[in-house]
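Chemist: Before anything else, here's the structure in question.
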Amino acid sequence: AVSKAGTGLDYDRHVPEFSLAAGSFEILLCVDNTETTGGGAGGRKTLKQETVRHLQACNVNYDRRNLNIGDFLWIAREKVQILPGQYEQRTPRELVLPYIVERKRLDDLWSSVKDGRYE
């Protein structure tokens with residue numbers, strides 16, 4: 001972000017490589033793999049299975065991925081027309097939306113506050 005002189009406001013100068021027109025994309029929830037499978041911080045295995053069960057029960061359009069930041073984030077994924085008989089289909093483009101969720105247990109959050117990660 002860059003501060004605009006005299007206004008005290010910050011603004012972002014990032015110019016995206018592309019944009020998606022209304023109706024040309026779907027919203028997809030990306031769930032970090034550590035929230036749905038295996039070990040790692042994030043809770044017991046039964047809670048991870050419950051996360052998947054709940055997303056499915058609520059008909060949430062989601063995808064499991066290795067996320068570099070957060071436990072959950074949303075993307076706008078381009079709708080791509082499937083071409084019958086074509087072996088390779090065009091890969092849809094994706095834009096990360098500005099909403100990221102980091103799930104924490106209360107004791108973990110308190111540790112983060114105490115060690116200065118949240119000020």
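By convention here, the chains of the structure tokens are called A, B, ... in the order presented, each chain's residues are numbered starting at 1, and ligands are numbered starting at 1 in the order presented.
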Would you pick out the contacts of segment 52-67 of chain A at 12 Å or less, using only C-alpha atoms, so that residues sharing its chain but fewer than 4 positions from it are not included, and give the list as a list in words?

Modeler: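 After dropping sequence-adjacent residues, the list is Glu26, Ile27, Leu28, Leu29, Cys30, Val31, Asp32, Asn33, Thr34, Glu35, Thr36, Thr37, Lys45, Thr46, Leu47, Lys48, Asp71, Phe72, Leu73, Trp74, Ile75, Ala76, Arg77, Val96, Ile100, Val101 and Glu102 of chain A.
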
Chemist: Could you tell me which of A:Lys104, A:Pro16, A:Tyr87, A:Ser24 comes closest to Gly70 of chain A if we count only C-alpha atoms?

Modeler: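 Smallest distance to Gly70 of chain A is found for A:Lys104.
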
Chemist: Quick one: distance from atom CA of Thr51 of chain A to atom CA of Leu97 of chain A in Å, one decimal?

Modeler: 21.4 Å

Chemist: Just list the residues in chain A DSSP gives helix (DSSP H, G or I) on the backbone, as number ranges by chain.

Modeler: A: 33-35, 45-57, 106-114

Chemist: Since we have the selection now, will you write its residues out, keeping N, CA, C and O atoms, as a short mmCIF file (atom, residue, chain, number, x, y, z; two decimals), in the first residue's frame?

Modeler:
```
data_model
loop_
_atom_site.label_atom_id
_atom_site.label_comp_id
_atom_site.auth_asym_id
_atom_site.auth_seq_id
_atom_site.Cartn_x
_atom_site.Cartn_y
_atom_site.Cartn_z
N ASN A 33 -5.38 -28.10 3.61
CA ASN A 33 -5.37 -29.54 3.86
C ASN A 33 -5.23 -29.88 5.34
O ASN A 33 -5.77 -30.87 5.80
N THR A 34 -4.52 -29.05 6.10
CA THR A 34 -4.34 -29.36 7.52
C THR A 34 -5.65 -29.22 8.30
O THR A 34 -5.75 -29.70 9.41
N GLU A 35 -6.65 -28.57 7.70
CA GLU A 35 -7.95 -28.42 8.35
C GLU A 35 -8.88 -29.61 8.09
O GLU A 35 -9.93 -29.72 8.70
N LYS A 45 -8.51 -35.42 14.66
CA LYS A 45 -8.93 -35.92 13.37
C LYS A 45 -10.45 -35.90 13.23
O LYS A 45 -10.99 -35.57 12.17
N THR A 46 -11.20 -36.22 14.29
CA THR A 46 -12.66 -36.22 14.21
C THR A 46 -13.20 -34.82 13.91
O THR A 46 -14.19 -34.68 13.19
N LEU A 47 -12.57 -33.77 14.46
CA LEU A 47 -13.00 -32.41 14.16
C LEU A 47 -12.73 -32.07 12.70
O LEU A 47 -13.51 -31.35 12.07
N LYS A 48 -11.64 -32.58 12.16
CA LYS A 48 -11.31 -32.33 10.76
C LYS A 48 -12.33 -33.02 9.85
O LYS A 48 -12.77 -32.44 8.86
N GLN A 49 -12.73 -34.24 10.20
CA GLN A 49 -13.76 -34.93 9.42
C GLN A 49 -15.08 -34.19 9.54
O GLN A 49 -15.85 -34.12 8.58
N GLU A 50 -15.35 -33.62 10.69
CA GLU A 50 -16.58 -32.86 10.90
C GLU A 50 -16.60 -31.60 10.03
O GLU A 50 -17.66 -31.22 9.52
N THR A 51 -15.46 -30.97 9.84
CA THR A 51 -15.38 -29.80 8.96
C THR A 51 -15.82 -30.17 7.55
O THR A 51 -16.66 -29.49 6.95
N VAL A 52 -15.30 -31.27 7.02
CA VAL A 52 -15.66 -31.72 5.67
C VAL A 52 -17.13 -32.09 5.62
O VAL A 52 -17.86 -31.71 4.69
N ARG A 53 -17.62 -32.81 6.63
CA ARG A 53 -19.02 -33.23 6.65
C ARG A 53 -19.95 -32.02 6.65
O ARG A 53 -20.95 -31.97 5.93
N HIS A 54 -19.58 -31.01 7.43
CA HIS A 54 -20.41 -29.81 7.52
C HIS A 54 -20.42 -29.04 6.19
O HIS A 54 -21.48 -28.58 5.74
N LEU A 55 -19.28 -28.91 5.55
CA LEU A 55 -19.22 -28.22 4.25
C LEU A 55 -20.08 -28.94 3.22
O LEU A 55 -20.82 -28.32 2.46
N GLN A 56 -20.00 -30.27 3.22
CA GLN A 56 -20.80 -31.06 2.28
C GLN A 56 -22.29 -30.95 2.60
O GLN A 56 -23.11 -30.79 1.69
N ALA A 57 -22.66 -31.01 3.88
CA ALA A 57 -24.06 -30.93 4.28
C ALA A 57 -24.68 -29.58 3.90
O ALA A 57 -25.87 -29.50 3.61
N LEU A 106 -8.61 -21.18 21.50
CA LEU A 106 -8.46 -20.06 22.43
C LEU A 106 -7.07 -20.04 23.06
O LEU A 106 -6.43 -18.98 23.15
N ASP A 107 -6.54 -21.21 23.45
CA ASP A 107 -5.21 -21.24 24.06
C ASP A 107 -4.12 -20.83 23.07
O ASP A 107 -3.17 -20.15 23.42
N ASP A 108 -4.29 -21.20 21.79
CA ASP A 108 -3.34 -20.83 20.76
C ASP A 108 -3.40 -19.33 20.48
O ASP A 108 -2.37 -18.67 20.32
N LEU A 109 -4.61 -18.78 20.45
CA LEU A 109 -4.77 -17.34 20.25
C LEU A 109 -4.12 -16.58 21.40
O LEU A 109 -3.40 -15.60 21.18
N TRP A 110 -4.34 -17.03 22.62
CA TRP A 110 -3.75 -16.37 23.79
C TRP A 110 -2.22 -16.41 23.71
O TRP A 110 -1.55 -15.41 24.00
N SER A 111 -1.65 -17.53 23.28
CA SER A 111 -0.19 -17.62 23.11
C SER A 111 0.29 -16.62 22.07
O SER A 111 1.34 -15.99 22.25
N SER A 112 -0.46 -16.48 20.98
CA SER A 112 -0.09 -15.52 19.92
C SER A 112 -0.12 -14.09 20.44
O SER A 112 0.73 -13.28 20.10
N VAL A 113 -1.12 -13.77 21.25
CA VAL A 113 -1.22 -12.42 21.82
C VAL A 113 -0.06 -12.17 22.78
O VAL A 113 0.58 -11.12 22.73
N LYS A 114 0.24 -13.16 23.63
CA LYS A 114 1.31 -13.00 24.62
C LYS A 114 2.67 -12.83 23.96
O LYS A 114 3.50 -12.05 24.44
#
```

Chemist: Of the candidates A:Leu20, A:Val15, A:Glu78, A:Arg105, which shows the shortest atom-to-atom distance to Arg93 of chain A, using only C-alpha atoms?

Modeler: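 Smallest separation from Arg93 of chain A among the options: A:Glu78.
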
Chemist: Could you tell me how far atom CA of Gly23 of chain A lies from atom CA of Gln89 of chain A, in Å and to one decimal?

Modeler: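 That distance, rounded to one decimal, is 20.3 Å.
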
Chemist: In chain A, what's strand (DSSP E or B) per DSSP? Answer as a ChimeraX atom specification?

Modeler: /A:2-4,9-11,25-32,62-65,72-78,94-101
